[in-house]
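S.K.: File protein.cif below, mmCIF, C-alpha atoms and all ligand atoms:
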```cif
data_target
#
loop_
_atom_site.label_atom_id
_atom_site.label_comp_id
_atom_site.auth_asym_id
_atom_site.auth_seq_id
_atom_site.Cartn_x
_atom_site.Cartn_y
_atom_site.Cartn_z
CA MET G 1 15.15 -36.22 35.73
CA LYS G 2 14.52 -38.97 33.22
CA LEU G 3 15.73 -38.52 29.70
CA THR G 4 12.18 -38.57 28.27
CA THR G 5 11.04 -35.85 30.70
CA LEU G 6 14.07 -33.81 29.77
CA CYS G 7 13.32 -34.22 26.06
CA LEU G 8 9.72 -33.20 26.61
CA LEU G 9 10.76 -30.16 28.58
CA PHE G 10 13.21 -29.19 25.88
CA ALA G 11 10.61 -29.64 23.16
CA LEU G 12 8.17 -27.47 25.09
CA LEU G 13 10.73 -24.75 25.62
CA ALA G 14 11.71 -24.81 21.97
CA ALA G 15 8.10 -24.77 20.73
CA PRO G 16 6.79 -21.42 19.57
CA ALA G 17 3.99 -19.93 21.64
CA THR G 18 1.45 -20.01 18.81
CA VAL G 19 0.69 -22.14 15.78
CA PRO G 20 3.74 -21.87 13.56
CA ALA G 21 2.90 -19.72 10.56
CA GLN G 22 4.82 -22.18 8.38
CA THR G 23 1.61 -24.16 8.42
CA TYR G 24 -0.31 -21.20 6.97
CA GLN G 25 -2.64 -22.26 4.20
CA PRO G 26 -4.55 -19.31 2.77
CA SER G 27 -8.28 -19.98 2.67
CA GLU G 28 -10.20 -20.04 -0.61
CA ALA G 29 -11.70 -16.66 0.34
CA ASN G 30 -8.21 -15.31 0.87
CA LEU G 31 -6.97 -16.57 -2.49
CA GLN G 32 -9.96 -14.99 -4.18
CA SER G 33 -9.24 -11.74 -2.40
CA ARG G 34 -5.62 -11.88 -3.60
CA ARG G 35 -6.85 -12.21 -7.19
CA GLU G 36 -9.21 -9.27 -6.77
CA PHE G 37 -6.40 -7.27 -5.22
CA GLN G 38 -4.22 -7.91 -8.25
CA GLU G 39 -7.03 -6.96 -10.57
CA ALA G 40 -7.52 -3.64 -8.79
CA ARG G 41 -3.98 -2.45 -9.63
CA PHE G 42 -4.45 1.05 -8.18
CA GLY G 43 -5.13 2.27 -4.66
CA ILE G 44 -4.82 5.52 -2.70
CA PHE G 45 -2.90 5.70 0.56
CA LEU G 46 -4.09 8.26 3.12
CA HIS G 47 -1.73 9.27 5.93
CA TRP G 48 -3.80 11.20 8.42
CA GLY G 49 -3.24 11.73 12.10
CA LEU G 50 -2.54 14.46 14.67
CA TYR G 51 0.69 15.12 12.78
CA ALA G 52 -1.37 16.81 10.05
CA MET G 53 -1.66 19.79 12.41
CA LEU G 54 2.10 20.18 12.70
CA ALA G 55 2.15 20.10 8.90
CA SER G 56 5.65 18.73 8.56
CA GLY G 57 5.00 15.06 7.92
CA GLU G 58 4.16 12.04 10.08
CA TRP G 59 7.64 11.77 11.60
CA THR G 60 7.62 15.20 13.32
CA MET G 61 7.30 13.74 16.82
CA HIS G 62 10.50 11.77 16.32
CA ASN G 63 12.32 14.36 14.22
CA GLN G 64 11.81 17.11 16.77
CA ASN G 65 11.97 14.92 19.88
CA LEU G 66 8.58 16.16 21.02
CA ASN G 67 7.62 15.08 24.50
CA TYR G 68 4.79 12.52 24.39
CA LYS G 69 2.64 14.39 26.90
CA ASP G 70 3.04 17.70 25.08
CA TYR G 71 2.36 16.03 21.76
CA ALA G 72 -0.83 14.48 23.11
CA MET G 73 -2.19 17.98 23.71
CA LEU G 74 -2.58 18.32 19.97
CA ALA G 75 -5.61 16.06 20.28
CA GLY G 76 -7.48 18.71 22.29
CA GLY G 77 -7.29 21.03 19.29
CA PHE G 78 -8.00 18.57 16.51
CA TYR G 79 -11.18 19.62 14.80
CA PRO G 80 -11.06 18.80 11.07
CA SER G 81 -14.23 20.73 10.35
CA LYS G 82 -14.18 20.08 6.62
CA PHE G 83 -13.79 16.31 6.81
CA ASN G 84 -16.27 14.60 4.56
CA ALA G 85 -15.60 10.92 3.94
CA GLU G 86 -18.06 10.80 1.09
CA GLU G 87 -16.14 13.55 -0.76
CA TRP G 88 -12.82 11.76 -0.29
CA VAL G 89 -14.19 8.50 -1.54
CA LYS G 90 -15.91 10.07 -4.55
CA ALA G 91 -12.74 11.89 -5.63
CA ILE G 92 -10.67 8.76 -5.16
CA LYS G 93 -13.14 6.62 -7.04
CA ALA G 94 -13.27 9.13 -9.90
CA ALA G 95 -9.47 8.84 -10.08
CA GLY G 96 -9.93 5.20 -10.96
CA ALA G 97 -8.52 3.89 -7.70
CA ARG G 98 -10.15 0.71 -6.48
CA TYR G 99 -9.11 0.80 -2.85
CA ILE G 100 -8.04 3.10 -0.03
CA CYS G 101 -5.46 2.35 2.63
CA PHE G 102 -6.00 4.51 5.72
CA THR G 103 -3.64 5.03 8.66
CA THR G 104 -5.61 3.88 11.69
CA ARG G 105 -2.67 4.36 14.04
CA HIS G 106 0.70 5.65 12.90
CA HIS G 107 3.98 5.72 14.84
CA GLU G 108 2.76 8.79 16.79
CA GLY G 109 0.44 6.33 18.59
CA PHE G 110 -2.86 8.17 18.12
CA SER G 111 -5.82 6.03 17.09
CA MET G 112 -7.86 7.54 14.28
CA PHE G 113 -10.81 5.35 15.26
CA HIS G 114 -12.90 4.73 18.34
CA THR G 115 -11.12 2.19 20.48
CA ARG G 116 -11.86 1.07 23.97
CA TYR G 117 -8.27 0.10 24.57
CA SER G 118 -7.01 3.68 24.86
CA ASP G 119 -8.60 7.10 25.37
CA TYR G 120 -6.00 8.52 23.04
CA ASN G 121 -8.30 8.30 20.05
CA ILE G 122 -10.20 10.57 17.71
CA VAL G 123 -13.55 10.13 19.47
CA ASP G 124 -12.52 10.39 23.11
CA ALA G 125 -9.58 12.79 22.93
CA THR G 126 -10.64 15.40 20.38
CA PRO G 127 -13.43 17.99 20.33
CA PHE G 128 -14.30 16.60 16.90
CA GLY G 129 -15.54 13.42 18.55
CA ARG G 130 -16.34 11.59 15.31
CA ASP G 131 -15.08 8.17 14.33
CA VAL G 132 -13.55 9.15 10.99
CA LEU G 133 -12.73 5.54 10.23
CA LYS G 134 -16.38 4.56 10.61
CA GLU G 135 -17.43 7.36 8.27
CA LEU G 136 -14.75 6.38 5.78
CA ALA G 137 -15.66 2.69 5.98
CA ASP G 138 -19.34 3.47 5.39
CA ALA G 139 -18.52 5.66 2.38
CA CYS G 140 -16.14 3.03 0.96
CA HIS G 141 -18.70 0.27 1.29
CA LYS G 142 -21.39 2.46 -0.23
CA HIS G 143 -19.26 3.31 -3.26
CA GLY G 144 -17.69 -0.08 -3.77
CA ILE G 145 -14.15 0.93 -2.80
CA ARG G 146 -12.18 -1.55 -0.74
CA LEU G 147 -10.77 -0.42 2.55
CA HIS G 148 -7.30 -1.39 3.73
CA LEU G 149 -6.03 -0.43 7.15
CA TYR G 150 -2.51 0.71 7.91
CA TYR G 151 -1.43 -0.25 11.43
CA SER G 152 1.90 0.63 13.01
CA HIS G 153 3.82 -1.75 15.22
CA ALA G 154 6.12 1.06 16.29
CA ASP G 155 4.56 3.45 18.80
CA TRP G 156 6.26 6.56 20.16
CA TYR G 157 3.53 7.42 22.64
CA ARG G 158 2.60 4.38 24.69
CA GLU G 159 4.65 3.72 27.78
CA ASP G 160 4.34 -0.04 27.30
CA ALA G 161 5.47 -0.03 23.66
CA PRO G 162 8.86 -1.65 23.02
CA ARG G 163 11.77 0.72 22.55
CA GLY G 164 13.39 0.38 19.17
CA ARG G 165 15.66 2.74 17.30
CA THR G 166 13.13 5.56 16.70
CA GLY G 167 11.02 7.80 18.90
CA LEU G 168 13.54 7.59 21.71
CA GLY G 169 13.42 11.31 22.45
CA THR G 170 9.75 11.49 23.41
CA GLY G 171 10.41 11.26 27.14
CA ARG G 172 8.55 8.05 27.92
CA PRO G 173 9.67 6.04 30.96
CA ALA G 174 11.02 2.57 30.20
CA PRO G 175 8.29 -0.04 29.75
CA LYS G 176 7.51 -2.07 32.89
CA ASP G 177 6.80 -5.44 31.29
CA ASN G 178 8.32 -7.16 28.29
CA GLY G 179 5.69 -5.95 25.90
CA GLU G 180 2.85 -8.20 27.04
CA SER G 181 0.39 -5.38 27.66
CA TYR G 182 1.35 -3.78 24.34
CA PHE G 183 0.71 -6.96 22.39
CA ASN G 184 -2.62 -7.43 24.15
CA PHE G 185 -3.47 -3.88 23.18
CA ILE G 186 -2.59 -4.62 19.54
CA ASN G 187 -4.75 -7.75 19.53
CA GLY G 188 -7.62 -5.80 21.07
CA GLN G 189 -7.37 -3.05 18.46
CA LEU G 190 -7.05 -5.50 15.56
CA THR G 191 -10.19 -7.22 16.80
CA GLU G 192 -12.01 -3.89 16.85
CA LEU G 193 -10.77 -2.98 13.37
CA LEU G 194 -11.92 -6.30 11.98
CA THR G 195 -15.30 -6.41 13.69
CA ASN G 196 -16.58 -2.83 13.79
CA TYR G 197 -15.93 -1.59 10.26
CA GLY G 198 -17.38 -4.20 7.93
CA GLU G 199 -15.31 -5.97 5.34
CA ILE G 200 -11.63 -5.01 5.47
CA GLY G 201 -9.54 -5.69 2.36
CA ALA G 202 -6.16 -5.75 4.08
CA ILE G 203 -4.22 -4.96 7.20
CA TRP G 204 -1.06 -3.10 6.23
CA PHE G 205 1.55 -3.31 8.97
CA ASP G 206 4.47 -0.95 9.25
CA GLY G 207 7.19 -0.08 11.73
CA MET G 208 8.54 -3.52 12.51
CA TRP G 209 11.85 -2.30 11.16
CA ASP G 210 12.12 -0.31 14.38
CA GLN G 211 13.76 -3.41 15.90
CA ASP G 212 16.01 -4.22 12.96
CA ARG G 213 19.09 -3.90 15.18
CA ASN G 214 17.57 -6.54 17.38
CA PRO G 215 16.87 -9.38 14.93
CA ASN G 216 15.58 -11.79 17.59
CA PHE G 217 12.89 -9.40 18.70
CA ASP G 218 9.49 -11.11 18.68
CA TRP G 219 6.67 -8.95 17.34
CA HIS G 220 4.15 -11.75 17.94
CA LEU G 221 3.26 -11.81 14.26
CA ASP G 222 1.94 -15.38 14.27
CA GLU G 223 -0.59 -14.42 16.90
CA GLN G 224 -1.66 -11.26 15.08
CA TYR G 225 -1.79 -12.91 11.68
CA SER G 226 -3.88 -15.85 12.82
CA LEU G 227 -6.22 -13.50 14.67
CA ILE G 228 -6.76 -11.46 11.50
CA HIS G 229 -7.35 -14.51 9.33
CA LYS G 230 -9.68 -15.96 11.94
CA LEU G 231 -11.78 -12.80 12.15
CA GLN G 232 -11.85 -12.17 8.40
CA PRO G 233 -10.36 -15.00 6.33
CA ALA G 234 -10.44 -12.91 3.15
CA CYS G 235 -8.49 -10.04 4.73
CA LEU G 236 -5.03 -9.78 3.21
CA ILE G 237 -1.99 -9.18 5.36
CA GLY G 238 0.89 -7.07 4.16
CA ASN G 239 3.86 -5.91 6.18
CA ASN G 240 6.13 -3.06 5.17
CA HIS G 241 9.13 -4.60 6.92
CA HIS G 242 11.37 -4.24 3.87
CA ILE G 243 12.36 -7.92 3.93
CA THR G 244 11.15 -11.14 2.34
CA PRO G 245 7.55 -11.89 3.35
CA PHE G 246 6.95 -14.12 6.36
CA PRO G 247 4.53 -17.04 6.26
CA GLY G 248 1.06 -15.73 7.00
CA GLU G 249 1.46 -12.68 4.74
CA ASP G 250 -0.70 -12.46 1.64
CA ILE G 251 0.84 -9.60 -0.30
CA GLN G 252 4.37 -8.25 -0.63
CA ILE G 253 4.98 -4.55 -0.16
CA PHE G 254 7.71 -2.36 -1.64
CA GLU G 255 8.26 1.16 -0.36
CA ARG G 256 9.10 3.93 -2.79
CA ASP G 257 10.46 1.54 -5.42
CA LEU G 258 9.08 -0.78 -8.01
CA PRO G 259 9.75 -4.46 -7.31
CA GLY G 260 13.31 -5.31 -8.27
CA GLU G 261 14.50 -1.69 -8.04
CA ASN G 262 16.04 -0.16 -4.98
CA LYS G 263 16.69 3.53 -5.55
CA ALA G 264 15.29 4.65 -2.20
CA GLY G 265 17.19 1.95 -0.29
CA MET G 266 14.23 0.18 1.31
CA SER G 267 13.44 -2.44 -1.31
CA GLY G 268 16.41 -4.78 -1.56
CA GLN G 269 14.27 -7.83 -0.86
CA ALA G 270 13.72 -10.54 -3.46
CA ILE G 271 10.40 -10.63 -5.27
CA SER G 272 8.13 -13.34 -3.93
CA ARG G 273 5.21 -15.12 -5.59
CA LEU G 274 2.68 -13.10 -3.60
CA PRO G 275 0.69 -10.27 -5.17
CA LEU G 276 2.89 -7.18 -5.17
CA GLU G 277 2.28 -3.59 -4.18
CA THR G 278 4.48 -0.52 -4.39
CA CYS G 279 3.66 2.56 -2.34
CA GLU G 280 4.81 6.01 -3.36
CA THR G 281 3.99 9.61 -2.44
CA MET G 282 2.40 12.21 -4.72
CA ASN G 283 4.77 14.85 -3.34
CA GLY G 284 7.73 14.02 -1.11
CA MET G 285 5.99 13.21 2.18
CA TRP G 286 3.40 10.75 3.50
CA GLY G 287 1.73 12.96 6.10
CA TYR G 288 0.61 16.51 5.24
CA LYS G 289 3.55 18.87 4.78
CA ILE G 290 2.57 22.47 4.28
CA ASN G 291 5.63 23.55 2.32
CA ASP G 292 5.95 20.54 0.09
CA ARG G 293 4.24 21.73 -3.07
CA ASN G 294 6.44 19.49 -5.13
CA TYR G 295 3.72 17.22 -6.44
CA LYS G 296 4.72 14.93 -9.27
CA PRO G 297 3.03 15.86 -12.53
CA ALA G 298 0.06 13.66 -13.48
CA LYS G 299 2.06 12.32 -16.39
CA GLU G 300 4.71 10.98 -14.02
CA LEU G 301 2.14 9.43 -11.68
CA ILE G 302 0.42 7.70 -14.59
CA ARG G 303 3.71 6.40 -15.95
CA TYR G 304 4.56 5.04 -12.51
CA LEU G 305 1.23 3.22 -12.38
CA VAL G 306 1.91 1.78 -15.83
CA LYS G 307 5.41 0.69 -14.85
CA ALA G 308 4.07 -0.94 -11.70
CA ALA G 309 1.45 -2.84 -13.72
CA GLY G 310 4.19 -3.90 -16.15
CA LYS G 311 6.06 -5.34 -13.19
CA ASP G 312 2.90 -7.13 -12.10
CA ALA G 313 2.48 -4.83 -9.10
CA ASN G 314 -0.22 -2.55 -7.75
CA LEU G 315 0.47 1.10 -7.08
CA LEU G 316 -0.63 2.57 -3.76
CA MET G 317 -0.30 6.31 -4.25
CA ASN G 318 -0.23 8.51 -1.18
CA ILE G 319 -1.99 11.72 -0.22
CA GLY G 320 -1.62 13.49 3.13
CA PRO G 321 -4.98 15.09 4.03
CA GLN G 322 -4.89 18.57 5.57
CA PRO G 323 -5.60 19.30 9.23
CA ASP G 324 -8.99 20.73 8.22
CA GLY G 325 -9.97 17.34 6.83
CA GLN G 326 -9.69 18.14 3.15
CA LEU G 327 -7.48 16.56 0.55
CA PRO G 328 -5.03 19.18 -0.77
CA ALA G 329 -6.30 20.91 -3.92
CA ILE G 330 -3.24 19.84 -5.94
CA ALA G 331 -3.81 16.23 -4.95
CA LEU G 332 -7.43 16.49 -6.07
CA GLN G 333 -6.31 17.87 -9.37
CA ARG G 334 -3.83 15.02 -9.86
CA LEU G 335 -6.53 12.51 -8.96
CA SER G 336 -8.82 13.87 -11.61
CA GLU G 337 -6.08 13.80 -14.28
CA VAL G 338 -5.16 10.21 -13.49
CA GLY G 339 -8.88 9.38 -13.57
CA LYS G 340 -9.24 10.88 -17.04
CA TRP G 341 -6.38 8.78 -18.34
CA LEU G 342 -7.76 5.63 -16.78
CA GLU G 343 -11.16 6.26 -18.32
CA THR G 344 -9.54 5.69 -21.70
CA TYR G 345 -6.76 3.30 -20.81
CA GLY G 346 -8.13 1.46 -17.76
CA GLU G 347 -8.67 -1.66 -19.83
CA THR G 348 -4.91 -1.92 -20.31
CA ILE G 349 -4.28 -1.75 -16.54
CA TYR G 350 -7.15 -3.25 -14.50
CA GLY G 351 -7.36 -7.01 -14.47
CA THR G 352 -4.07 -7.34 -16.35
CA ARG G 353 -0.89 -9.08 -15.26
CA GLY G 354 2.68 -8.19 -16.12
CA GLY G 355 2.97 -9.08 -19.82
CA CYS G 356 5.02 -11.80 -21.48
CA ILE G 357 7.67 -9.28 -22.55
CA PRO G 358 9.63 -8.17 -19.48
CA PRO G 359 10.12 -4.43 -18.80
CA HIS G 360 12.52 -2.75 -21.20
CA THR G 361 14.06 0.69 -21.64
CA TRP G 362 11.26 1.58 -24.08
CA GLY G 363 8.54 0.60 -21.63
CA VAL G 364 6.52 -2.31 -20.28
CA THR G 365 3.79 -4.73 -21.27
CA THR G 366 0.59 -5.78 -19.56
CA GLN G 367 -1.54 -8.69 -20.59
CA LYS G 368 -5.04 -10.05 -20.30
CA ASP G 369 -5.77 -13.35 -21.99
CA ASN G 370 -4.63 -13.04 -25.60
CA LYS G 371 -4.35 -9.26 -25.54
CA LEU G 372 -0.89 -7.90 -24.96
CA TYR G 373 -0.73 -4.18 -24.24
CA VAL G 374 2.58 -2.64 -25.17
CA HIS G 375 3.10 0.56 -23.19
CA ILE G 376 5.74 2.60 -24.98
CA LEU G 377 7.02 5.12 -22.46
CA ASN G 378 10.13 6.16 -24.40
CA LEU G 379 9.81 6.00 -28.13
CA GLU G 380 13.41 5.13 -28.97
CA ASP G 381 12.93 3.83 -32.46
CA LYS G 382 10.11 3.94 -34.97
CA ALA G 383 10.81 0.28 -35.72
CA LEU G 384 10.48 -1.46 -32.40
CA PHE G 385 11.57 -5.07 -31.97
CA LEU G 386 9.39 -6.96 -29.52
CA PRO G 387 10.86 -10.23 -28.24
CA LEU G 388 7.70 -12.31 -28.31
CA GLU G 389 9.51 -15.64 -28.63
CA ASP G 390 6.89 -18.25 -29.53
CA HIS G 391 3.86 -15.98 -29.39
CA LYS G 392 2.40 -15.12 -32.78
CA VAL G 393 0.58 -11.87 -33.47
CA ARG G 394 -2.77 -11.76 -35.24
CA LYS G 395 -3.33 -8.02 -35.19
CA ALA G 396 -1.57 -4.88 -33.97
CA MET G 397 -3.33 -1.59 -33.39
CA LEU G 398 -2.99 1.70 -31.61
CA PHE G 399 -5.14 1.30 -28.52
CA ALA G 400 -6.40 4.90 -28.52
CA ASP G 401 -8.14 4.88 -31.92
CA ARG G 402 -7.94 1.22 -32.94
CA SER G 403 -5.98 2.17 -36.08
CA PRO G 404 -4.03 -0.83 -37.40
CA LEU G 405 -0.25 -0.84 -37.13
CA ARG G 406 2.16 -2.56 -39.49
CA PHE G 407 4.50 -5.24 -38.21
CA HIS G 408 6.52 -8.11 -39.54
CA GLU G 409 7.67 -11.32 -37.97
CA GLU G 410 11.32 -11.91 -37.29
CA GLU G 411 13.32 -14.55 -35.51
CA GLY G 412 12.15 -14.45 -31.85
CA GLY G 413 9.55 -11.74 -32.22
CA ILE G 414 8.12 -8.97 -34.38
CA VAL G 415 9.18 -5.56 -35.56
CA LEU G 416 6.46 -3.03 -34.99
CA TYR G 417 6.36 0.11 -37.16
CA LEU G 418 5.44 3.24 -35.32
CA ASN G 419 6.03 5.87 -38.01
CA ASP G 420 2.47 7.13 -38.11
CA VAL G 421 1.89 7.08 -34.40
CA PRO G 422 0.98 10.54 -33.09
CA GLN G 423 3.25 12.19 -30.56
CA GLU G 424 2.07 11.14 -27.11
CA GLU G 425 4.07 12.00 -24.01
CA THR G 426 2.47 9.88 -21.33
CA ASP G 427 2.19 6.41 -22.80
CA ILE G 428 1.75 5.13 -26.36
CA VAL G 429 -0.36 2.02 -25.94
CA VAL G 430 -0.34 -0.62 -28.66
CA GLU G 431 -2.67 -3.57 -28.47
CA LEU G 432 -1.40 -6.83 -29.88
CA GLN G 433 -3.86 -9.63 -30.34
CA LEU G 434 -1.97 -12.87 -29.98
CA LYS G 435 -2.88 -16.08 -31.68
CA GLU G 436 -4.21 -18.61 -29.16
C1 LIG E 1 7.74 4.28 6.30
C2 LIG E 1 7.52 5.42 7.23
C3 LIG E 1 6.13 5.78 7.41
C4 LIG E 1 5.23 5.60 6.24
C5 LIG E 1 5.52 4.34 5.50
C6 LIG E 1 4.70 4.25 4.24
O1 LIG E 1 7.75 3.06 6.91
O2 LIG E 1 8.04 5.20 8.48
O3 LIG E 1 6.03 7.05 7.91
O4 LIG E 1 3.97 5.48 6.76
O5 LIG E 1 6.84 4.23 5.23
O6 LIG E 1 5.19 3.34 3.37
#
```
Have the structure of the file written as C-alpha cells, please.
Ligand code: GLC
M.R.:
Amino acid sequence: MKLTTLCLLFALLAAPATVPAQTYQPSEANLQSRREFQEARFGIFLHWGLYAMLASGEWTMHNQNLNYKDYAMLAGGFYPSKFNAEEWVKAIKAAGARYICFTTRHHEGFSMFHTRYSDYNIVDATPFGRDVLKELADACHKHGIRLHLYYSHADWYREDAPRGRTGLGTGRPAPKDNGESYFNFINGQLTELLTNYGEIGAIWFDGMWDQDRNPNFDWHLDEQYSLIHKLQPACLIGNNHHITPFPGEDIQIFERDLPGENKAGMSGQAISRLPLETCETMNGMWGYKINDRNYKPAKELIRYLVKAAGKDANLLMNIGPQPDGQLPAIALQRLSEVGKWLETYGETIYGTRGGCIPPHTWGVTTQKDNKLYVHILNLEDKALFLPLEDHKVRKAMLFADRSPLRFHEEEGGIVLYLNDVPQEETDIVVELQLKE
C-alpha cells in the first residue's frame, strides 16, 4: 500500500463519525434562548413515571433489583385519574416559575409520551391511554411557561441499552449489538419530542454517568446534539453528567449544589461561561416517595433561589407528582408561598445577573443595569461593609417599602446602616442605585 493511501486510511479511521462538536457555533436563536433562560431564573422539575406507583423514588427498580418484565407490569395498572395538566401548570405559574422540566423517560425506561419506537409508553401500555406530555405541552404553551424535557441515557429496561454500573439486577439478557439499535431509538425519540410537542426550551440529559468507569464509552452525543439543534435551533442542551460541559451544550447543570459548592459530591466541575442551573428537591427525593414528608420550609426554598441567583444560576426545584396524577398537597403549599414572595421580590430575581459583589457570608447580590440588589440572608452586623470597589452609590433603600437607608463611602466600598431595618427572616433586600 502506498504511503498516501495509508495516510488516508489512517485519517479516515481516526475521524469521528459525525461533525466534531468542537465546531459548534450556537445559532442566533440559540443565543437568544440562552438569554431568556437566564432571565427566567426559576423552573420546576417534575419527576413522574411508573415509579410513582411504588412510591419510593425513581431509583426503586435498581435499588430493589426488580426484574424488568415484572416491573413493566406496573404499566397495566397506571391510571392517574386526577392528572390535570392545566392545574399543574397554573399552580407552577402562580409560584413564579417560568419553566417546567418534565421527565419524558427516566432510567426505568418507560416513555411518558406517545412514541412509535416502543410500546412501553403511557399511551400504548397503560389503561390511562393519554399522552400526558402532549397535555402538559399544550397547557405550557397556553400559559406561557417554557417546557424542558428530561431524557435519560441510562435505561434499565431495554435489552439493547448499554450496560453501565446501575440497573444490573433487572434480569435483562446482554445486548446483542454494540448499542446501534439503542442509539437509533434515542434519535427516533428525540425527533418525536422535538417535532410533536411544539417549541421545546431544552433537552435535559441525564444518566451518562452510568458509564463513568468506562471513560472511552461513546454516547453518540455529537449526533444527538446536532439532531436537536437541527430540529429546533433555539432548543438548549444541558447534560447532567457532573463534568465540564462538552461542546454542543448550551447550559451547565449542577445537581444538588450551587455552582462552586460540592456538598452532595456531584458538583466538583469547574464553572463554565454557559448559563448555569442548579437542580434541587423540595423534600429528599426526585420521584414521589410516600414517606418523605420532609419538605424544606418555604423560607429555605426561597433563600436557595436567592443564593442561586446571586451565583448567576437558575434554580430548578423538583416535585414528584403522586401516582394519582396530583402534585402533593405540601408541594402545592410551598409553591404558593414561594409565589407570594416572588410577587413582591420578583424584580430582584428575574432578569438579573449575579451582582458585582460576590457571594458573602451575609448573603448575595443580584444586579440589573444600575440597580444592585443586596440580599441580606444573615444579618451579622447593623453596619454592613459592601466592597463595591469603583462603583459609586446614588441611593440606598429598603426594597420592601422604598424607605431610604443611610450609608457612607469608605475606601473600596460603602458602609450601609441597617439599624432601623425590621426583622425579616427570609431575605432583607436592599436596593442600591449605582451611579452610571
Ligand atoms: C440523578 C438521578 C436521577 C435524577 C437526577 C436529577 O442523576 O439519577 O434520578 O433524575 O439526578 O438531577
S.K.: Quick one: pull the distance between CA of Gly207 (chain G) and CA of Pro247 (chain G), Å, one decimal.
M.R.: 18.0 Å
S.K.: Kindly indicate which residue among G:Asp155, G:Glu180, G:Glu135, G:Asp124 lies nearest to Met208 (chain G), using all atoms listed in the file for the distances.
M.R.: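 Among G:Asp155, G:Glu180, G:Glu135, G:Asp124, it is G:Asp155 that comes nearest to Met208 (chain G).
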S.K.: Quick one: everything within 8 Å of region 22-27 of chain G, counting all atoms listed in the file, minus sequence neighbours fewer than 6 positions away in the same chain. Send it as a VMD selection string.
M.R.: chain G and resid 233 to 234 247 to 248 250
S.K.: Go through the chains and note each residue within 9 Å of ligand LIG 1 (chain E), using all atoms listed in the file, then give the set as a list in words.
M.R.: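 Using all atoms listed in the file, I find these residues within 9 Å of ligand LIG 1 (chain E): Phe45, His47, Gly57, Glu58, Trp59, Thr103, His106, His107, Tyr150, Ser152, Asp206, Gly207, Met208, Trp209, Asn240, His241, His242, Ile253, Phe254, Glu255, Arg256, Thr278, Cys279, Glu280, Thr281, Met285, Trp286, Gly287 and Asn318 of chain G.
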S.K.: Need to verify the contact set: region 181-187 of chain G, 7 Å, all atoms listed in the file, exclusion of same-chain residues closer than 3 positions in sequence. Can you return it as a list in words?
M.R.: Tyr117, Asp160, Ala161, Leu190, Thr191 and Gln224 of chain G
S.K.: Can you tell me how far CA of Thr126 (chain G) sits from CA of Phe78 (chain G), in Å to one decimal?
M.R.: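 Interatomic distance, CA of Thr126 (chain G) to CA of Phe78 (chain G): 5.7 Å.
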S.K.: Which residues come within 7 Å of region 390-403 of chain G, counting all atoms listed in the file, excluding same-chain residues fewer than 2 positions away, as a list in words?
M.R.: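 Returned residues: Leu388, Leu405, Gly412, Val429, Val430, Glu431, Leu432, Gln433, Leu434 and Lys435 of chain G.
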